[in-house]
Amino acid sequence: ADSAMQPAVMAPLLDSLAARLARAPGVRGVQYRIPSKVQGFVETRAPAYVLFAFDTTQLAALAGRLTSDTIRRLVQATDTAGPGLLGRFVSRTPDPLQLIGPAAGVLFRALGGANLRLADGYLALPGQRGFLFVVEPAPSFSVDSSRSLVRAIDSVMAQAPRDPQFAGLMAGKRLTAIGRPVAMVQVLEIAFGDVARVAIASLLASFLLQLWLFRRPLAPVLLAGTVVFAVALTGAVAAIVFGSLSLVGWLFISVLVGLGDEFGLYIIAHYWITGAANVSRGDALASALQRPGRGLVYSGLAMAAAFASLALMSYPVMFEVACVTALGLIAMLFSSFTVLPIALAYTEPRRHAATSIWHRSMTVMHDVGQRNPRRWLVGWAALMLGCVLLARTLQFEPHPWKVALRGNPATAQLERVRQLLGVWPSPILMVSSGATEAEALERDREAVYQLDRVGPRAGVVTIESLTRWLPAPSQQQADIAYFHSHAATFSPQRVRHDFLAAVAQMKRPDPRLTTEYLPRVLSLLHTSAEEL
């Protein structure tokens, strides 16, 4: 919605949607609430264990803020400080000891990260302008299953607004599906729809132009047959070499159609139009291949080499484009010199002399060009310079996929969520397995460690994992030993005594320091110091 929604009011609709989505074909499960046991643990028991999430170096820094002198200096320096981090676990009270902030970061991660919020247990976007459902697909996942899954989700979202029970709740609100399967299906539908329209338009234009040129319907048929054979040959070789092609690679096949029929067009033109008159069919066919043949072969190889050079780019998709396009051009050239001549052999070559307008028109152009050659040369140079200067103003789009996916509804909805979250969400589910729970946990811990190292550069907003709450046994043991050796420093009774003494010396102490902030600090220190 464009304005905030109250979770208590939206609860019936959210619960009903979750139940309908869970029953949809191809859906393995739906997560839209934090389980009550998990939420209860994080909110009540977790604060007593949160310090285990820090290593001993960080614990030493935290302990340094709990000495008597440090507490007095930090608390008395806090007079009109602004509010600290906001959230379920952080009050608006200033954090002079700088203890709540680091602990809140751990608690935030346990409940979905700092960019999502919990609203009465529901996963909510900032400002409660949206509620998030995470739909987990069935294990068998493919393009076809994606289509079925997206259709099932679309069906649920279409039925909910029509339900009389929720008609009032749905006023002014939108139900949208975003994510990889949705975007993939819509990209395919848009792409194939575009390809179909382009194919129909290009075939119609080619048919009419070739019909006007050759004055016989057979010409477009012969050219189309040659092109179809070459495309089929290219697809067969690509299936053996690659197995699958990206959408970009498929779209470049249209380039083959545009370039490939040009080879055959020259051969047919020499056989039916510009060839010698009244010669045998064999001589006419040989002439139609010989006269443009060398130029066509070298032109086709040059184009294939130019496209093959794309393989030098560092993107795998461009390697596919380079290989498929180069291979397709060679297949088109091969078909034009094998399949097309066999088909032409069943037709009659040119049988009458025609008055050529080419000689007359070129003679006129030659005469005009000879009159003021310097003026024409200066004009050509000025035109070239103007084109170069204008081309330099062409803007560079830094994100090509945003251009490629303009008009895609799924991308538009994803952009709307990105503006709310401040990030572009692309959830990834990682499952760690092992012979034992300890082995699986250790693998998960190593994976999270590696992700943490590259997370900021890769744009990873948050990583939810059991590893966040269960540090390595060696770390826990070192932390427990540190707590035992510094028991006096982490004593809640001593911290309470020193904190109250420091507040008592303030001229106008903020009452929230003792009513809200101190209890939160003490809850972190009431730890049983036992390995989890």
# chains A, B, ... in the order shown; residues from 1 in each chain; ligands from 1

call {"tool": "residues_around", "arguments": {"residues": "Ala308 in chain A", "least_positions_apart": "6", "cutoff": "10 Å", "atoms": "only C-alpha atoms", "output": "list in words"}}
result
Ala302, Met318, Phe319, Glu320, Val321, Ala322, Cys323, Val324, Thr325, Ala326 and Leu327 of chain A

call {"tool": "write_last_selection", "arguments": {"atoms": "all heavy atoms", "output": "PDB file, in the first residue's frame"}}
result
ATOM      1  N   ALA A 302      34.372 -12.992 -43.141  1.00  0.00           N
ATOM      2  CA  ALA A 302      34.733 -11.773 -42.413  1.00  0.00           C
ATOM      3  C   ALA A 302      33.704 -11.467 -41.335  1.00  0.00           C
ATOM      4  O   ALA A 302      34.054 -11.092 -40.199  1.00  0.00           O
ATOM      5  CB  ALA A 302      34.861 -10.602 -43.391  1.00  0.00           C
ATOM      6  N   MET A 318      28.606 -13.759 -23.743  1.00  0.00           N
ATOM      7  CA  MET A 318      29.145 -13.255 -24.996  1.00  0.00           C
ATOM      8  C   MET A 318      29.926 -14.334 -25.737  1.00  0.00           C
ATOM      9  O   MET A 318      30.001 -14.312 -26.973  1.00  0.00           O
ATOM     10  CB  MET A 318      30.033 -12.034 -24.743  1.00  0.00           C
ATOM     11  CG  MET A 318      29.304 -10.862 -24.102  1.00  0.00           C
ATOM     12  SD  MET A 318      27.738 -10.451 -24.934  1.00  0.00           S
ATOM     13  CE  MET A 318      28.318  -9.954 -26.550  1.00  0.00           C
ATOM     14  N   PHE A 319      30.500 -15.276 -25.011  1.00  0.00           N
ATOM     15  CA  PHE A 319      31.163 -16.410 -25.670  1.00  0.00           C
ATOM     16  C   PHE A 319      30.137 -17.234 -26.437  1.00  0.00           C
ATOM     17  O   PHE A 319      30.382 -17.675 -27.562  1.00  0.00           O
ATOM     18  CB  PHE A 319      31.884 -17.265 -24.630  1.00  0.00           C
ATOM     19  CG  PHE A 319      32.586 -18.456 -25.212  1.00  0.00           C
ATOM     20  CD1 PHE A 319      33.812 -18.316 -25.848  1.00  0.00           C
ATOM     21  CD2 PHE A 319      32.015 -19.725 -25.130  1.00  0.00           C
ATOM     22  CE1 PHE A 319      34.461 -19.414 -26.394  1.00  0.00           C
ATOM     23  CE2 PHE A 319      32.653 -20.827 -25.674  1.00  0.00           C
ATOM     24  CZ  PHE A 319      33.885 -20.674 -26.302  1.00  0.00           C
ATOM     25  N   GLU A 320      28.969 -17.451 -25.812  1.00  0.00           N
ATOM     26  CA  GLU A 320      27.895 -18.156 -26.516  1.00  0.00           C
ATOM     27  C   GLU A 320      27.466 -17.387 -27.762  1.00  0.00           C
ATOM     28  O   GLU A 320      27.322 -17.967 -28.842  1.00  0.00           O
ATOM     29  CB  GLU A 320      26.687 -18.340 -25.587  1.00  0.00           C
ATOM     30  CG  GLU A 320      26.879 -19.348 -24.481  1.00  0.00           C
ATOM     31  CD  GLU A 320      25.609 -19.524 -23.683  1.00  0.00           C
ATOM     32  OE1 GLU A 320      24.588 -18.879 -24.040  1.00  0.00           O
ATOM     33  OE2 GLU A 320      25.614 -20.307 -22.715  1.00  0.00           O
ATOM     34  N   VAL A 321      27.245 -16.088 -27.605  1.00  0.00           N
ATOM     35  CA  VAL A 321      26.812 -15.269 -28.738  1.00  0.00           C
ATOM     36  C   VAL A 321      27.840 -15.341 -29.861  1.00  0.00           C
ATOM     37  O   VAL A 321      27.488 -15.485 -31.044  1.00  0.00           O
ATOM     38  CB  VAL A 321      26.594 -13.810 -28.285  1.00  0.00           C
ATOM     39  CG1 VAL A 321      26.398 -12.899 -29.493  1.00  0.00           C
ATOM     40  CG2 VAL A 321      25.394 -13.722 -27.359  1.00  0.00           C
ATOM     41  N   ALA A 322      29.134 -15.246 -29.515  1.00  0.00           N
ATOM     42  CA  ALA A 322      30.189 -15.279 -30.523  1.00  0.00           C
ATOM     43  C   ALA A 322      30.175 -16.596 -31.286  1.00  0.00           C
ATOM     44  O   ALA A 322      30.196 -16.615 -32.530  1.00  0.00           O
ATOM     45  CB  ALA A 322      31.550 -15.060 -29.854  1.00  0.00           C
ATOM     46  N   CYS A 323      30.116 -17.702 -30.549  1.00  0.00           N
ATOM     47  CA  CYS A 323      30.182 -19.018 -31.195  1.00  0.00           C
ATOM     48  C   CYS A 323      28.936 -19.287 -32.031  1.00  0.00           C
ATOM     49  O   CYS A 323      29.032 -19.749 -33.177  1.00  0.00           O
ATOM     50  CB  CYS A 323      30.358 -20.107 -30.135  1.00  0.00           C
ATOM     51  SG  CYS A 323      31.929 -20.012 -29.247  1.00  0.00           S
ATOM     52  N   VAL A 324      27.757 -19.013 -31.466  1.00  0.00           N
ATOM     53  CA  VAL A 324      26.517 -19.332 -32.177  1.00  0.00           C
ATOM     54  C   VAL A 324      26.376 -18.472 -33.434  1.00  0.00           C
ATOM     55  O   VAL A 324      26.011 -18.977 -34.507  1.00  0.00           O
ATOM     56  CB  VAL A 324      25.307 -19.135 -31.243  1.00  0.00           C
ATOM     57  CG1 VAL A 324      24.000 -19.229 -32.022  1.00  0.00           C
ATOM     58  CG2 VAL A 324      25.328 -20.181 -30.141  1.00  0.00           C
ATOM     59  N   THR A 325      26.669 -17.174 -33.321  1.00  0.00           N
ATOM     60  CA  THR A 325      26.510 -16.290 -34.477  1.00  0.00           C
ATOM     61  C   THR A 325      27.520 -16.635 -35.564  1.00  0.00           C
ATOM     62  O   THR A 325      27.176 -16.694 -36.754  1.00  0.00           O
ATOM     63  CB  THR A 325      26.658 -14.826 -34.060  1.00  0.00           C
ATOM     64  OG1 THR A 325      25.829 -14.573 -32.934  1.00  0.00           O
ATOM     65  CG2 THR A 325      26.247 -13.905 -35.187  1.00  0.00           C
ATOM     66  N   ALA A 326      28.782 -16.853 -35.172  1.00  0.00           N
ATOM     67  CA  ALA A 326      29.794 -17.221 -36.173  1.00  0.00           C
ATOM     68  C   ALA A 326      29.454 -18.551 -36.831  1.00  0.00           C
ATOM     69  O   ALA A 326      29.537 -18.696 -38.067  1.00  0.00           O
ATOM     70  CB  ALA A 326      31.169 -17.283 -35.517  1.00  0.00           C
ATOM     71  N   LEU A 327      29.054 -19.521 -36.027  1.00  0.00           N
ATOM     72  CA  LEU A 327      28.658 -20.810 -36.574  1.00  0.00           C
ATOM     73  C   LEU A 327      27.453 -20.674 -37.487  1.00  0.00           C
ATOM     74  O   LEU A 327      27.379 -21.288 -38.560  1.00  0.00           O
ATOM     75  CB  LEU A 327      28.351 -21.780 -35.422  1.00  0.00           C
ATOM     76  CG  LEU A 327      27.787 -23.143 -35.814  1.00  0.00           C
ATOM     77  CD1 LEU A 327      28.809 -23.930 -36.605  1.00  0.00           C
ATOM     78  CD2 LEU A 327      27.360 -23.926 -34.572  1.00  0.00           C
TER      79      LEU A 327
END

call {"tool": "residues_around", "arguments": {"residues": "range 285-296 of chain A", "least_positions_apart": "5", "cutoff": "10 Å", "atoms": "only C-alpha atoms", "output": "list in words"}}
result
Glu262, Phe263, Gly264, Tyr266, Ile267, Ile268, Ala269, His270, Tyr271, Trp272, Ile273, Thr274, Gly275, Ala276, Val279, Ser280, Leu301, Ala302, Leu333, Ser336, Phe337, Pro341, Ile342, Leu344, Ala345, Glu348 and Pro349 of chain A

call {"tool": "write_last_selection", "arguments": {"atoms": "N, CA and C atoms", "output": "mmCIF file, in the first residue's frame"}}
result
data_model
loop_
_atom_site.group_PDB
_atom_site.id
_atom_site.type_symbol
_atom_site.label_atom_id
_atom_site.label_comp_id
_atom_site.auth_asym_id
_atom_site.auth_seq_id
_atom_site.Cartn_x
_atom_site.Cartn_y
_atom_site.Cartn_z
ATOM 1 N N GLU A 262 20.858 -12.760 -47.120
ATOM 2 C CA GLU A 262 21.564 -11.901 -48.073
ATOM 3 C C GLU A 262 22.439 -12.731 -49.014
ATOM 4 N N PHE A 263 23.049 -13.803 -48.505
ATOM 5 C CA PHE A 263 23.872 -14.655 -49.365
ATOM 6 C C PHE A 263 23.036 -15.246 -50.494
ATOM 7 N N GLY A 264 21.901 -15.833 -50.111
ATOM 8 C CA GLY A 264 21.042 -16.449 -51.122
ATOM 9 C C GLY A 264 20.443 -15.439 -52.073
ATOM 10 N N TYR A 266 21.798 -12.769 -53.388
ATOM 11 C CA TYR A 266 22.727 -12.483 -54.478
ATOM 12 C C TYR A 266 22.711 -13.608 -55.520
ATOM 13 N N ILE A 267 22.700 -14.841 -55.046
ATOM 14 C CA ILE A 267 22.743 -15.975 -55.975
ATOM 15 C C ILE A 267 21.478 -16.022 -56.816
ATOM 16 N N ILE A 268 20.321 -15.837 -56.190
ATOM 17 C CA ILE A 268 19.064 -15.868 -56.946
ATOM 18 C C ILE A 268 19.008 -14.715 -57.937
ATOM 19 N N ALA A 269 19.482 -13.530 -57.516
ATOM 20 C CA ALA A 269 19.460 -12.374 -58.417
ATOM 21 C C ALA A 269 20.322 -12.621 -59.652
ATOM 22 N N HIS A 270 21.502 -13.237 -59.447
ATOM 23 C CA HIS A 270 22.360 -13.525 -60.602
ATOM 24 C C HIS A 270 21.748 -14.619 -61.483
ATOM 25 N N TYR A 271 20.984 -15.514 -60.915
ATOM 26 C CA TYR A 271 20.411 -16.619 -61.696
ATOM 27 C C TYR A 271 19.176 -16.175 -62.466
ATOM 28 N N TRP A 272 18.350 -15.335 -61.835
ATOM 29 C CA TRP A 272 17.070 -14.967 -62.452
ATOM 30 C C TRP A 272 17.089 -13.602 -63.147
ATOM 31 N N ILE A 273 17.966 -12.694 -62.729
ATOM 32 C CA ILE A 273 17.859 -11.313 -63.205
ATOM 33 C C ILE A 273 19.071 -10.876 -64.016
ATOM 34 N N THR A 274 20.262 -10.944 -63.429
ATOM 35 C CA THR A 274 21.431 -10.327 -64.065
ATOM 36 C C THR A 274 22.320 -11.308 -64.820
ATOM 37 N N GLY A 275 21.914 -12.561 -64.883
ATOM 38 C CA GLY A 275 22.725 -13.541 -65.592
ATOM 39 C C GLY A 275 22.648 -13.363 -67.097
ATOM 40 N N ALA A 276 23.528 -14.080 -67.819
ATOM 41 C CA ALA A 276 23.510 -14.038 -69.282
ATOM 42 C C ALA A 276 22.212 -14.654 -69.797
ATOM 43 N N VAL A 279 21.161 -18.978 -71.950
ATOM 44 C CA VAL A 279 22.187 -20.002 -71.746
ATOM 45 C C VAL A 279 21.524 -21.214 -71.100
ATOM 46 N N SER A 280 22.241 -22.329 -71.084
ATOM 47 C CA SER A 280 21.680 -23.538 -70.498
ATOM 48 C C SER A 280 21.496 -23.365 -68.995
ATOM 49 N N LEU A 301 32.892 -15.054 -44.270
ATOM 50 C CA LEU A 301 33.947 -15.388 -43.318
ATOM 51 C C LEU A 301 34.367 -14.175 -42.507
ATOM 52 N N ALA A 302 34.372 -12.992 -43.141
ATOM 53 C CA ALA A 302 34.733 -11.773 -42.413
ATOM 54 C C ALA A 302 33.704 -11.467 -41.335
ATOM 55 N N LEU A 333 26.131 -19.609 -45.092
ATOM 56 C CA LEU A 333 26.968 -19.586 -46.294
ATOM 57 C C LEU A 333 27.001 -20.969 -46.940
ATOM 58 N N SER A 336 23.685 -21.713 -48.634
ATOM 59 C CA SER A 336 23.458 -20.930 -49.848
ATOM 60 C C SER A 336 24.188 -21.526 -51.048
ATOM 61 N N PHE A 337 25.276 -22.275 -50.782
ATOM 62 C CA PHE A 337 26.041 -22.872 -51.885
ATOM 63 C C PHE A 337 25.738 -24.352 -52.078
ATOM 64 N N PRO A 341 21.301 -23.924 -54.511
ATOM 65 C CA PRO A 341 21.488 -24.283 -55.924
ATOM 66 C C PRO A 341 20.679 -25.509 -56.346
ATOM 67 N N ILE A 342 20.534 -26.490 -55.439
ATOM 68 C CA ILE A 342 19.733 -27.669 -55.778
ATOM 69 C C ILE A 342 18.292 -27.264 -56.042
ATOM 70 N N LEU A 344 17.264 -24.185 -56.935
ATOM 71 C CA LEU A 344 17.216 -23.337 -58.130
ATOM 72 C C LEU A 344 17.302 -24.154 -59.413
ATOM 73 N N ALA A 345 17.932 -25.314 -59.338
ATOM 74 C CA ALA A 345 18.100 -26.139 -60.545
ATOM 75 C C ALA A 345 16.772 -26.580 -61.132
ATOM 76 N N GLU A 348 13.670 -22.094 -64.091
ATOM 77 C CA GLU A 348 14.248 -21.572 -65.316
ATOM 78 C C GLU A 348 15.097 -20.342 -65.014
ATOM 79 N N PRO A 349 16.317 -20.233 -65.636
ATOM 80 C CA PRO A 349 17.121 -19.019 -65.453
ATOM 81 C C PRO A 349 16.596 -17.890 -66.328
#

call {"tool": "residues_around", "arguments": {"residues": "range 133-140 of chain A", "least_positions_apart": "6", "cutoff": "12 Å", "atoms": "only C-alpha atoms", "output": "ChimeraX atom specification"}}
result
/A:14-34,112,122-125,146-150,152-153,175-182,425-429

call {"tool": "select_by_dssp", "arguments": {"residues": "range 55-205 of chain A", "states": "helix (DSSP H, G or I)", "output": "compact mmCIF listing (two decimals) with N, CA and C atoms, in the first residue's frame"}}
result
# COMPACT_ATOMS: atom_id res chain seq x y z
N THR A 56 36.80 -12.78 21.70
CA THR A 56 37.39 -12.24 22.93
C THR A 56 37.95 -10.84 22.73
N THR A 57 38.42 -10.51 21.53
CA THR A 57 38.92 -9.15 21.28
C THR A 57 37.80 -8.13 21.44
N GLN A 58 36.61 -8.45 20.87
CA GLN A 58 35.47 -7.55 21.02
C GLN A 58 34.98 -7.50 22.45
N LEU A 59 35.03 -8.65 23.13
CA LEU A 59 34.62 -8.67 24.54
C LEU A 59 35.52 -7.78 25.38
N ALA A 60 36.80 -7.78 25.06
CA ALA A 60 37.72 -6.92 25.81
C ALA A 60 37.36 -5.45 25.61
N ALA A 61 36.95 -5.08 24.38
CA ALA A 61 36.54 -3.70 24.13
C ALA A 61 35.27 -3.36 24.90
N LEU A 62 34.32 -4.32 24.94
CA LEU A 62 33.09 -4.09 25.71
C LEU A 62 33.39 -3.98 27.20
N ALA A 63 34.30 -4.84 27.68
CA ALA A 63 34.63 -4.81 29.11
C ALA A 63 35.28 -3.49 29.50
N GLY A 64 36.02 -2.88 28.56
CA GLY A 64 36.66 -1.62 28.86
C GLY A 64 35.67 -0.50 29.13
N SER A 68 34.64 1.44 36.31
CA SER A 68 33.99 2.51 37.06
C SER A 68 34.28 3.89 36.46
N ASP A 69 35.55 4.14 36.15
CA ASP A 69 35.91 5.46 35.60
C ASP A 69 35.29 5.68 34.22
N THR A 70 35.28 4.64 33.38
CA THR A 70 34.73 4.77 32.03
C THR A 70 33.23 5.03 32.09
N ILE A 71 32.52 4.32 32.95
CA ILE A 71 31.07 4.54 33.09
C ILE A 71 30.79 5.98 33.50
N ARG A 72 31.55 6.48 34.49
CA ARG A 72 31.33 7.86 34.96
C ARG A 72 31.58 8.85 33.82
N ARG A 73 32.67 8.65 33.06
CA ARG A 73 33.01 9.59 31.99
C ARG A 73 31.98 9.54 30.85
N LEU A 74 31.55 8.35 30.46
CA LEU A 74 30.63 8.22 29.33
C LEU A 74 29.23 8.69 29.69
N VAL A 75 28.75 8.32 30.88
CA VAL A 75 27.39 8.69 31.27
C VAL A 75 27.28 10.19 31.49
N GLN A 76 28.26 10.78 32.15
CA GLN A 76 28.19 12.21 32.42
C GLN A 76 28.37 13.04 31.15
N ALA A 77 29.01 12.45 30.12
CA ALA A 77 29.14 13.16 28.84
C ALA A 77 27.84 13.11 28.05
N ILE A 100 24.44 -1.41 23.68
CA ILE A 100 23.19 -1.88 23.08
C ILE A 100 23.32 -2.00 21.56
N GLY A 101 24.03 -1.04 20.96
CA GLY A 101 24.16 -1.05 19.50
C GLY A 101 24.74 -2.34 18.96
N PRO A 102 25.93 -2.76 19.41
CA PRO A 102 26.49 -4.02 18.91
C PRO A 102 25.60 -5.23 19.20
N ALA A 103 24.99 -5.26 20.39
CA ALA A 103 24.11 -6.39 20.71
C ALA A 103 22.86 -6.37 19.84
N ALA A 104 22.33 -5.17 19.57
CA ALA A 104 21.13 -5.07 18.74
C ALA A 104 21.39 -5.57 17.33
N GLY A 105 22.63 -5.35 16.82
CA GLY A 105 22.95 -5.85 15.48
C GLY A 105 22.79 -7.34 15.39
N VAL A 106 23.22 -8.07 16.43
CA VAL A 106 23.07 -9.53 16.45
C VAL A 106 21.59 -9.91 16.50
N LEU A 107 20.83 -9.20 17.34
CA LEU A 107 19.41 -9.52 17.48
C LEU A 107 18.64 -9.20 16.20
N PHE A 108 19.01 -8.10 15.54
CA PHE A 108 18.36 -7.75 14.28
C PHE A 108 18.57 -8.86 13.26
N ARG A 109 19.79 -9.34 13.16
CA ARG A 109 20.09 -10.38 12.16
C ARG A 109 19.29 -11.64 12.44
N ALA A 110 19.05 -11.94 13.71
CA ALA A 110 18.30 -13.14 14.05
C ALA A 110 16.85 -13.06 13.61
N PRO A 126 9.74 -1.50 5.62
CA PRO A 126 9.79 -0.29 6.47
C PRO A 126 8.51 0.52 6.39
N GLY A 127 8.08 1.02 7.54
CA GLY A 127 6.86 1.81 7.59
C GLY A 127 5.60 0.98 7.49
N GLN A 128 5.75 -0.37 7.50
CA GLN A 128 4.59 -1.27 7.39
C GLN A 128 3.74 -0.94 6.16
N VAL A 143 12.22 -24.42 -16.05
CA VAL A 143 11.45 -23.37 -16.70
C VAL A 143 9.97 -23.71 -16.69
N ASP A 144 9.65 -24.97 -17.01
CA ASP A 144 8.24 -25.37 -17.03
C ASP A 144 7.62 -25.30 -15.64
N SER A 145 8.35 -25.76 -14.62
CA SER A 145 7.80 -25.69 -13.26
C SER A 145 7.69 -24.23 -12.80
N SER A 146 8.59 -23.37 -13.29
CA SER A 146 8.49 -21.95 -12.95
C SER A 146 7.20 -21.36 -13.52
N ARG A 147 6.87 -21.74 -14.77
CA ARG A 147 5.63 -21.25 -15.36
C ARG A 147 4.43 -21.70 -14.53
N SER A 148 4.42 -22.97 -14.14
CA SER A 148 3.30 -23.48 -13.34
C SER A 148 3.22 -22.78 -11.99
N LEU A 149 4.39 -22.57 -11.36
CA LEU A 149 4.42 -21.92 -10.05
C LEU A 149 3.90 -20.48 -10.15
N VAL A 150 4.37 -19.75 -11.16
CA VAL A 150 3.97 -18.35 -11.30
C VAL A 150 2.48 -18.25 -11.61
N ARG A 151 1.98 -19.16 -12.46
CA ARG A 151 0.53 -19.15 -12.76
C ARG A 151 -0.28 -19.43 -11.50
N ALA A 152 0.20 -20.36 -10.66
CA ALA A 152 -0.53 -20.68 -9.42
C ALA A 152 -0.53 -19.49 -8.47
N ILE A 153 0.60 -18.81 -8.35
CA ILE A 153 0.67 -17.64 -7.47
C ILE A 153 -0.22 -16.53 -8.01
N ASP A 154 -0.16 -16.30 -9.33
CA ASP A 154 -1.02 -15.27 -9.94
C ASP A 154 -2.49 -15.58 -9.71
N SER A 155 -2.84 -16.87 -9.76
CA SER A 155 -4.24 -17.25 -9.54
C SER A 155 -4.68 -16.93 -8.11
N VAL A 156 -3.79 -17.21 -7.14
CA VAL A 156 -4.12 -16.89 -5.74
C VAL A 156 -4.28 -15.38 -5.57
N MET A 157 -3.40 -14.61 -6.16
CA MET A 157 -3.46 -13.16 -6.01
C MET A 157 -4.66 -12.56 -6.74
N ALA A 158 -5.15 -13.24 -7.77
CA ALA A 158 -6.33 -12.74 -8.47
C ALA A 158 -7.61 -13.08 -7.71
N GLN A 159 -7.60 -14.20 -6.98
CA GLN A 159 -8.80 -14.62 -6.25
C GLN A 159 -9.01 -13.82 -4.97
N ALA A 160 -7.91 -13.48 -4.28
CA ALA A 160 -8.03 -12.83 -2.98
C ALA A 160 -8.81 -11.51 -3.03
N PRO A 161 -8.53 -10.61 -3.98
CA PRO A 161 -9.29 -9.35 -3.99
C PRO A 161 -10.78 -9.55 -4.27
N ARG A 162 -11.14 -10.66 -4.94
CA ARG A 162 -12.54 -10.90 -5.26
C ARG A 162 -13.30 -11.56 -4.12
N PRO A 164 -15.33 -11.73 -1.02
CA PRO A 164 -16.12 -10.72 -0.30
C PRO A 164 -15.62 -10.45 1.11
N GLN A 165 -14.99 -11.46 1.71
CA GLN A 165 -14.50 -11.29 3.08
C GLN A 165 -13.39 -10.24 3.16
N PHE A 166 -12.62 -10.09 2.07
CA PHE A 166 -11.47 -9.20 2.11
C PHE A 166 -11.60 -8.01 1.17
N ARG A 180 13.01 -14.40 -8.76
CA ARG A 180 13.66 -14.97 -9.94
C ARG A 180 12.69 -15.72 -10.84
N PRO A 181 11.85 -16.64 -10.33
CA PRO A 181 10.95 -17.36 -11.24
C PRO A 181 9.98 -16.42 -11.95
N VAL A 182 9.43 -15.45 -11.21
CA VAL A 182 8.46 -14.53 -11.82
C VAL A 182 9.13 -13.72 -12.92
N ALA A 183 10.30 -13.16 -12.60
CA ALA A 183 10.99 -12.36 -13.60
C ALA A 183 11.38 -13.20 -14.80
N MET A 184 11.84 -14.44 -14.55
CA MET A 184 12.26 -15.30 -15.65
C MET A 184 11.09 -15.62 -16.58
N VAL A 185 9.95 -15.97 -15.99
CA VAL A 185 8.78 -16.30 -16.81
C VAL A 185 8.33 -15.08 -17.61
N GLN A 186 8.27 -13.93 -16.96
CA GLN A 186 7.81 -12.74 -17.68
C GLN A 186 8.82 -12.30 -18.75
N VAL A 187 10.12 -12.46 -18.45
CA VAL A 187 11.12 -12.14 -19.48
C VAL A 187 10.94 -13.04 -20.68
N LEU A 188 10.73 -14.34 -20.44
CA LEU A 188 10.54 -15.27 -21.56
C LEU A 188 9.29 -14.93 -22.35
N GLU A 189 8.20 -14.65 -21.63
CA GLU A 189 6.96 -14.33 -22.33
C GLU A 189 7.10 -13.06 -23.16
N ILE A 190 7.70 -12.04 -22.57
CA ILE A 190 7.90 -10.79 -23.31
C ILE A 190 8.84 -11.01 -24.49
N ALA A 191 9.93 -11.74 -24.24
CA ALA A 191 10.92 -11.95 -25.30
C ALA A 191 10.33 -12.74 -26.45
N PHE A 192 9.65 -13.85 -26.13
CA PHE A 192 9.09 -14.68 -27.20
C PHE A 192 7.95 -13.94 -27.91
N GLY A 193 7.20 -13.12 -27.16
CA GLY A 193 6.18 -12.31 -27.81
C GLY A 193 6.79 -11.30 -28.77
N ASP A 194 7.90 -10.67 -28.31
CA ASP A 194 8.59 -9.72 -29.18
C ASP A 194 9.17 -10.43 -30.41
N VAL A 195 9.76 -11.61 -30.17
CA VAL A 195 10.34 -12.36 -31.29
C VAL A 195 9.26 -12.73 -32.30
N ALA A 196 8.09 -13.14 -31.80
CA ALA A 196 7.01 -13.51 -32.72
C ALA A 196 6.57 -12.30 -33.56
N ARG A 197 6.42 -11.14 -32.91
CA ARG A 197 6.02 -9.95 -33.66
C ARG A 197 7.07 -9.54 -34.68
N VAL A 198 8.34 -9.58 -34.24
CA VAL A 198 9.42 -9.22 -35.16
C VAL A 198 9.50 -10.21 -36.32
N ALA A 199 9.33 -11.50 -36.00
CA ALA A 199 9.41 -12.51 -37.06
C ALA A 199 8.31 -12.31 -38.09
N ILE A 200 7.09 -12.06 -37.60
CA ILE A 200 5.97 -11.86 -38.54
C ILE A 200 6.20 -10.61 -39.39
N ALA A 201 6.63 -9.52 -38.75
CA ALA A 201 6.86 -8.28 -39.49
C ALA A 201 8.00 -8.43 -40.50
N SER A 202 9.11 -9.08 -40.07
CA SER A 202 10.24 -9.22 -40.98
C SER A 202 9.92 -10.17 -42.12
N LEU A 203 9.20 -11.26 -41.83
CA LEU A 203 8.84 -12.20 -42.89
C LEU A 203 7.91 -11.53 -43.91
N LEU A 204 6.95 -10.76 -43.41
CA LEU A 204 6.03 -10.09 -44.32
C LEU A 204 6.77 -9.07 -45.19
N ALA A 205 7.65 -8.26 -44.54
CA ALA A 205 8.40 -7.25 -45.31
C ALA A 205 9.32 -7.93 -46.31
